[in-house]
Each structure stands twice: as C-alpha cells, then as structure tokens.
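Read through the structure below, which is laid out as structure tokens, and then see the notes.
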Amino acid sequence: MDYLKCIESFISATESGSFTAAADKLGITPAMVGKHIQMLEKRTGCVLINRTTRRQGLTEAGHRFYLYGVQILATVEDADSLARHLNEEVTGLLRISAPVSFGQRILTPILSTFLQRYPAVNACLVLSDRRVDMIEERFQIAIRIGSLQDEGYIALPLPAYEMLLAASPAYLDKHGTPVTPADLSAHNCISFSQWRADHLWPLNGPQGLVDAQVSPRLTVDSGEAIRQAALSGLGIVMHSRVVLQEDIDAGRLCRVLPDYAPVSRPMHLLRLPNRPAPLVSAFSEHFMEELAKPANAPEPY
C-alpha cells in the first residue's frame with residue numbers, strides 16, 4: 001500500500017466533497033479513491049468517512065485524521081521542495097581524490113578558487129598515488145593519470161600530463177650524461193611502480209618512438225619520493241614537468257636527453273555514472289576552465 005497516496009486520496013475526497021471530484025483532481029478513478037480510503041481505514045482500524053448515495057461526512061476519527069493528514073502532506077512537500085532546492089544549488093561536501101604531486105601543485109589552487117566562488121561548498125581533498133575505488137570510498141570526483149581501466153566511471157579527458165627526464169648535477173658529474181636512450185641502461189634510474197612493470201621508458205625522439213630499457217635502482221609508488229631521490233643524487237628520473245620544472249629552473253636538477261621527450265601520460269577527470277549533482281558539474285566545469293589557462297596548461301614538447 002502506498003500510504004501517502006491513500007492519505008492524498010482521503011484529503012482530496014474530504015476537501016472536494018466527493019470521490020468523483022477527488023478522482024478528477026488526482027487523475028485516477030473514483031473506484032481507486034474509494035480503494036485508497038478503504039486501505040487507510042483498514043490500516044487505522046477506524047471508519048474515517050460516512051458515505052451514502054447522496055452525501056458523505058467525516059467521522060470523529062476522520063476529522064482528527066484529516067488534521068494530521070494535512071500536516072503529513074505538508075511535511076512531504078517541504079521535504080520535496082528542500083530536495084529540489086539542494087539539487088539546484090551548488091552546495092554541500094565535495095570529496096575529491098587526486099595524485100599527490102598534481103594535487104599539491106595544480107589542483108589545490110584551483111580548488112581554492114572554487115571554494116571562494118561557492119561559499120556554501122566544503123571540500124575534502126585526499127591526495128594519494130594509489131588508484132582509489134570511488135564508490136567504496138565515497139568520492140564524487142577523481143583525477144586519474146595514466147591508462148584507464150574499464151571501471152564504469154564517466155571519464156572526461158584533460159590535457160595530457162607531460163613528462164621529462166632529469167637528474168641532479170652531482171649525479172651527472174659523477175656518472176656522466178647520457179647521449180642516447182640506449183645509454184640509460186648503464187645508469188641508475190628511479191621508476192614509478194604504478195606505470196610499467198617491464199621497465200621500458202617510451203621516448204619520442206628525432207627518429208620517432210624509442211623504448212629505452214632501464215634497470216631501476218629504486219622503484220617507488222610516490223611522485224614526491226621520486227623527486228626527492230633525484231634531488232639527493234641517486235639517479236635519473238622520468239617524471240612530470242609539473243613536479244620537476246621548478247627544480248630545473250633553480251638548477252637543482254638538469255634535463256637529460258632533452259631531444260627525447262617521454263610520451264605524455266593521459267589524464268582524466270572521473271565522475272560516477274549517475275547524473276551529476278550541480279556541485280559536481282560546477283566543479284568539473286570550473287576545473288577544466290582553470291586547467292586550460294596558460295598558467296596551468298601543459299607546455300608543448
């Protein structure tokens with residue numbers, strides 16, 4: 001039994017004075033109005049309406065139930081109105097997952113401007129280089145760098161994540177500077193564990209794509225750890241321009257094989273497959289607009 005429909009039929013019949021008028025108002029048959037009221041009377045154990053062929057009237061129980069029924073329907077309408085309002089407003093808590101380095105250097109400033117623009121929004125930003133389960137961990141948005149698995153999410157393409165090779169001046173002074181991709185096999189290399197297990201670094205060079213074989217001294221699952229290892233002089237890294245460019249500009253790191261650009265990694269904004277709430281849509285649009293600005297856009301090779 002749809003309890004609310006039964007109450008609605010009872011209220012409508014009481015206010016309109018007949019089952020027929022109530023049926024016209026609700027878009028159902030008079031027989032269905034009568035059935036709803038009968039089911040309501042069965043549930044309450046009370047006769048609510050005395051009805052003859054010529055007239056109808058509320059019993060004492062019916063009168064009291066009518067007053068409560070009006071309140072019930074009004075409360076339901078208030079709840080529906082609130083839900084519609086929330087569904088139209090950019091408000092609430094936004095949970096986002098992103099890789100650590102990208103989140104620190106690119107996403108956080110963009111998220112900050114979004115929160116300033118929408119004061120009714122709060123955000124929880126979780127930075128981790130692992131691949132999160134959005135449903136299990138209650139994320140509305142995730143930034144994913146690298147190839148996508150078929151996880152059923154909506155994937156919005158973002159500008160590719162540009163990569164480069166670098167090492168510290170101290171390392172290059174001690175071990176020499178590679179001249180060709182083949183030279184990397186004789187060097188200490190630092191590799192990101194979540195990218196490729198075969199330890200091949202794909203490089204675009206003057207003759208096209210080359211897979212450089214490396215033997216990592218260190219394999220790690222943190223982008224910031226890779227940067228720190230390079231700064232300490234451990235070896236050569238393949239990492240993003242976003243992470244390394246400031247160190248290169250400051251002279252703490254040097255470009256290695258600048259004529260051979262590592263293949264950029266695809267990047268996507270992931271959303272859940274259901275229709276996005278205004279909060280999610282608003283942030284997605286804001287993020288993509290900000291990311292496209294020159295200060296944040298990936299530089300060409």
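We name chains A, B, ... following the order of the structure tokens; residues begin at 1 in each chain, and ligands are numbered from 1 as shown.
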
Exercise. Near Ser112 (chain A), within 12 Å and counting only C-alpha atoms, which residues show up once chain neighbours fewer than 6 positions away are dropped, as a ChimeraX atom specification?
Worked result: /A:103-106,118-119,121-125,283,286-287,290

Taking only C-alpha atoms into account, produce a table as a Markdown table in which each residue of region 207-230 of chain A with an atom at most 12 Å from an atom of region 249-259 of chain A appears once, together with its shortest atom pair and the distance in Å to one decimal, ordered by chain and rising number.
| residue | atom | partner | partner_atom | distance |
| --- | --- | --- | --- | --- |
| A:Gln207 | CA | A:Asp259 | CA | 10.4 |
| A:Gly208 | CA | A:Asp259 | CA | 10.9 |
| A:Leu209 | CA | A:Asp259 | CA | 11.8 |
| A:Val210 | CA | A:Asp259 | CA | 11.9 |
| A:Ala212 | CA | A:Leu257 | CA | 11.6 |
| A:Arg227 | CA | A:Leu253 | CA | 9.6 |
| A:Gln228 | CA | A:Leu253 | CA | 10.7 |
| A:Ala229 | CA | A:Leu253 | CA | 11.2 |
| A:Ala230 | CA | A:Leu253 | CA | 7.7 |

Problem set entry | Contacts of region 154-171 of chain A within 7 Å, only C-alpha atoms, excl. fewer than 3 positions in-chain, as an MDAnalysis selection string | chainID A and resid 174:175 230:231 233:241 252:257 261:273 298

Exercise. Which one is closest to Cys6 (chain A): A:Ser222, A:Gln213, A:Thr44, A:Ser97? Count only C-alpha atoms.
Worked result: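 For Cys6 (chain A), the nearest of the candidates is A:Thr44.
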
For this session: Do a neighbour search on Ser9 (chain A) at 9 Å with only C-alpha atoms, toss out local chain neighbours closer than 2 positions, and write the hits as a list in words.
Result: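 Contacts, with the query itself left out: Leu4, Lys5, Cys6, Ile7, Ile11, Ser12, Ala13, Thr14, Phe19, Ala22, Ala23, Leu26, Met32, Val33, Gly34, His36 and Ile37 of chain A.
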
Output the selection as a compact mmCIF listing (two decimals), in the first residue's frame - all heavy atoms for each residue.
# COMPACT_ATOMS: atom_id res chain seq x y z
N LEU A 4 1.12 7.28 1.39
CA LEU A 4 0.95 8.69 1.05
C LEU A 4 -0.17 8.88 0.03
O LEU A 4 -0.93 9.85 0.11
CB LEU A 4 2.26 9.27 0.53
CG LEU A 4 3.36 9.47 1.58
CD1 LEU A 4 4.61 10.01 0.93
CD2 LEU A 4 2.90 10.40 2.70
N LYS A 5 -0.28 7.97 -0.93
CA LYS A 5 -1.36 8.08 -1.92
C LYS A 5 -2.72 7.89 -1.24
O LYS A 5 -3.71 8.53 -1.61
CB LYS A 5 -1.16 7.07 -3.04
CG LYS A 5 -0.04 7.44 -4.01
CD LYS A 5 -0.05 6.55 -5.22
CE LYS A 5 1.04 6.95 -6.20
NZ LYS A 5 0.84 8.32 -6.71
N CYS A 6 -2.77 7.00 -0.26
CA CYS A 6 -4.03 6.80 0.47
C CYS A 6 -4.42 8.06 1.23
O CYS A 6 -5.59 8.49 1.22
CB CYS A 6 -3.90 5.62 1.43
SG CYS A 6 -3.75 4.01 0.61
N ILE A 7 -3.42 8.67 1.89
CA ILE A 7 -3.70 9.93 2.61
C ILE A 7 -4.13 11.01 1.64
O ILE A 7 -5.07 11.78 1.90
CB ILE A 7 -2.46 10.36 3.41
CG1 ILE A 7 -2.17 9.36 4.53
CG2 ILE A 7 -2.66 11.76 3.99
CD1 ILE A 7 -0.91 9.67 5.31
N ILE A 11 -7.59 13.09 1.86
CA ILE A 11 -7.62 14.54 2.00
C ILE A 11 -8.39 15.17 0.84
O ILE A 11 -9.22 16.07 1.02
CB ILE A 11 -6.19 15.11 2.06
CG1 ILE A 11 -5.45 14.58 3.29
CG2 ILE A 11 -6.21 16.63 2.04
CD1 ILE A 11 -6.04 15.00 4.60
N SER A 12 -8.12 14.70 -0.37
CA SER A 12 -8.77 15.26 -1.54
C SER A 12 -10.28 15.01 -1.52
O SER A 12 -11.09 15.89 -1.85
CB SER A 12 -8.16 14.67 -2.81
OG SER A 12 -8.72 15.26 -3.96
N ALA A 13 -10.70 13.80 -1.11
CA ALA A 13 -12.13 13.49 -1.03
C ALA A 13 -12.81 14.34 0.03
O ALA A 13 -13.95 14.79 -0.14
CB ALA A 13 -12.32 12.00 -0.74
N THR A 14 -12.12 14.57 1.13
CA THR A 14 -12.68 15.38 2.20
C THR A 14 -12.86 16.82 1.76
O THR A 14 -13.91 17.45 1.98
CB THR A 14 -11.76 15.33 3.44
OG1 THR A 14 -11.66 13.98 3.89
CG2 THR A 14 -12.30 16.20 4.56
N PHE A 19 -15.96 11.49 -4.01
CA PHE A 19 -14.91 10.65 -4.58
C PHE A 19 -14.66 11.03 -6.04
O PHE A 19 -13.52 10.99 -6.51
CB PHE A 19 -15.30 9.17 -4.49
CG PHE A 19 -15.19 8.59 -3.11
CD1 PHE A 19 -15.10 9.39 -1.97
CD2 PHE A 19 -15.19 7.21 -2.92
CE1 PHE A 19 -15.00 8.85 -0.70
CE2 PHE A 19 -15.09 6.65 -1.65
CZ PHE A 19 -15.01 7.47 -0.54
N ALA A 22 -12.58 14.17 -6.22
CA ALA A 22 -11.22 13.82 -5.82
C ALA A 22 -10.49 13.07 -6.92
O ALA A 22 -9.31 13.32 -7.19
CB ALA A 22 -11.25 12.99 -4.54
N ALA A 23 -11.19 12.16 -7.59
CA ALA A 23 -10.59 11.39 -8.67
C ALA A 23 -10.18 12.31 -9.82
O ALA A 23 -9.09 12.14 -10.40
CB ALA A 23 -11.57 10.33 -9.16
N LEU A 26 -6.99 14.14 -8.83
CA LEU A 26 -5.80 13.29 -8.72
C LEU A 26 -5.46 12.54 -10.00
O LEU A 26 -4.39 11.93 -10.11
CB LEU A 26 -5.97 12.28 -7.58
CG LEU A 26 -6.16 12.88 -6.18
CD1 LEU A 26 -6.44 11.77 -5.17
CD2 LEU A 26 -4.93 13.68 -5.76
N MET A 32 -10.69 3.91 -7.47
CA MET A 32 -9.36 3.88 -6.86
C MET A 32 -9.32 4.78 -5.63
O MET A 32 -8.68 4.43 -4.63
CB MET A 32 -8.31 4.33 -7.87
CG MET A 32 -6.89 4.25 -7.34
SD MET A 32 -6.41 2.59 -6.78
CE MET A 32 -6.38 1.72 -8.36
N VAL A 33 -10.03 5.93 -5.68
CA VAL A 33 -10.11 6.78 -4.50
C VAL A 33 -10.75 6.00 -3.34
O VAL A 33 -10.27 6.00 -2.21
CB VAL A 33 -10.92 8.06 -4.79
CG1 VAL A 33 -11.17 8.83 -3.49
CG2 VAL A 33 -10.19 8.94 -5.79
N GLY A 34 -11.85 5.30 -3.65
CA GLY A 34 -12.52 4.51 -2.63
C GLY A 34 -11.64 3.41 -2.09
O GLY A 34 -11.63 3.14 -0.88
N HIS A 36 -8.34 3.44 -1.97
CA HIS A 36 -7.32 4.05 -1.12
C HIS A 36 -7.86 4.34 0.28
O HIS A 36 -7.18 4.09 1.29
CB HIS A 36 -6.81 5.35 -1.76
CG HIS A 36 -5.87 5.13 -2.90
ND1 HIS A 36 -5.57 6.12 -3.81
CD2 HIS A 36 -5.16 4.04 -3.30
CE1 HIS A 36 -4.71 5.65 -4.70
NE2 HIS A 36 -4.45 4.38 -4.41
N ILE A 37 -9.07 4.85 0.34
CA ILE A 37 -9.65 5.19 1.64
C ILE A 37 -9.96 3.93 2.44
O ILE A 37 -9.75 3.88 3.66
CB ILE A 37 -10.91 6.07 1.44
CG1 ILE A 37 -10.48 7.43 0.84
CG2 ILE A 37 -11.65 6.28 2.75
CD1 ILE A 37 -11.64 8.33 0.47

Exercise. Running DSSP on the backbone, which parts of region 46-207 of chain A land in alpha helix (DSSP H), as an MDAnalysis selection string?
Worked result: chainID A and resid 60:88 100:102 108:117 169:175

Selected residues, C-alpha atoms, written as a tab-separated table (two decimals), in the first residue's frame, please.
chain	number	residue	atom	x	y	z
A	60	GLU	CA	-14.82	11.97	14.59
A	61	ALA	CA	-11.80	9.79	13.85
A	62	GLY	CA	-11.86	11.00	10.25
A	63	HIS	CA	-11.84	14.64	11.35
A	64	ARG	CA	-8.85	14.10	13.62
A	65	PHE	CA	-7.01	12.08	10.99
A	66	TYR	CA	-7.68	14.80	8.41
A	67	LEU	CA	-5.79	17.34	10.54
A	68	TYR	CA	-2.80	15.01	10.84
A	69	GLY	CA	-3.02	14.07	7.17
A	70	VAL	CA	-2.77	17.71	6.10
A	71	GLN	CA	0.35	18.06	8.23
A	72	ILE	CA	1.85	14.87	6.78
A	73	LEU	CA	1.36	16.01	3.17
A	74	ALA	CA	2.70	19.47	4.00
A	75	THR	CA	5.83	17.93	5.55
A	76	VAL	CA	6.36	15.75	2.48
A	77	GLU	CA	6.01	18.78	0.22
A	78	ASP	CA	8.51	20.70	2.34
A	79	ALA	CA	10.96	17.79	2.08
A	80	ASP	CA	10.49	17.60	-1.70
A	81	SER	CA	10.99	21.36	-2.01
A	82	LEU	CA	14.18	21.16	0.03
A	83	ALA	CA	15.50	18.32	-2.13
A	84	ARG	CA	14.70	20.26	-5.30
A	85	HIS	CA	16.40	23.33	-3.87
A	86	LEU	CA	19.51	21.37	-2.93
A	87	ASN	CA	19.53	19.78	-6.37
A	88	GLU	CA	19.55	23.22	-7.98
A	100	VAL	CA	49.85	13.75	-4.65
A	101	SER	CA	52.09	15.93	-6.81
A	102	PHE	CA	49.38	17.05	-9.20
A	108	THR	CA	44.75	22.71	-4.72
A	109	PRO	CA	44.99	26.29	-6.10
A	110	ILE	CA	42.09	25.59	-8.48
A	111	LEU	CA	40.00	24.06	-5.70
A	112	SER	CA	40.72	27.09	-3.53
A	113	THR	CA	39.31	29.49	-6.13
A	114	PHE	CA	36.26	27.24	-6.49
A	115	LEU	CA	35.59	27.33	-2.73
A	116	GLN	CA	35.93	31.11	-2.74
A	117	ARG	CA	33.41	31.30	-5.58
A	169	PRO	CA	74.15	17.97	-11.36
A	170	ALA	CA	76.04	15.92	-8.75
A	171	TYR	CA	74.83	12.64	-10.23
A	172	LEU	CA	75.71	13.68	-13.80
A	173	ASP	CA	79.16	14.91	-12.70
A	174	LYS	CA	79.84	11.54	-11.09
A	175	HIS	CA	78.28	9.16	-13.65

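Taking CA of Leu94 (chain A) as the reference point, CA of Tyr153 (chain A) is found at 16.9 Å.
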
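Take CA of Ser281 (chain A) and CA of Gly146 (chain A): the distance between them is 22.9 Å.
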
Problem set entry | Residue neighbourhood Gln194 (chain A), 9 Å, only C-alpha atoms, exclusion window fewer than 6 positions, as a ChimeraX atom specification | /A:129-130,220-221

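Our summary of the geometry notes that CA of Ala186 (chain A) is positioned 19.9 Å from CA of Asn204 (chain A).
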
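Nearest to Tyr260 (chain A) of all the residues A:Gln245, A:Ser193, A:Thr29, A:Thr180 is A:Thr180, based on only C-alpha atoms.
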
Exercise. From the list A:Arg131, A:Ser215, A:Ala142, A:Glu137, which residue is nearest Ala98 (chain A) when using only C-alpha atoms?
Worked result: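 Ranked by minimum distance to Ala98 (chain A), first place goes to A:Ala142.
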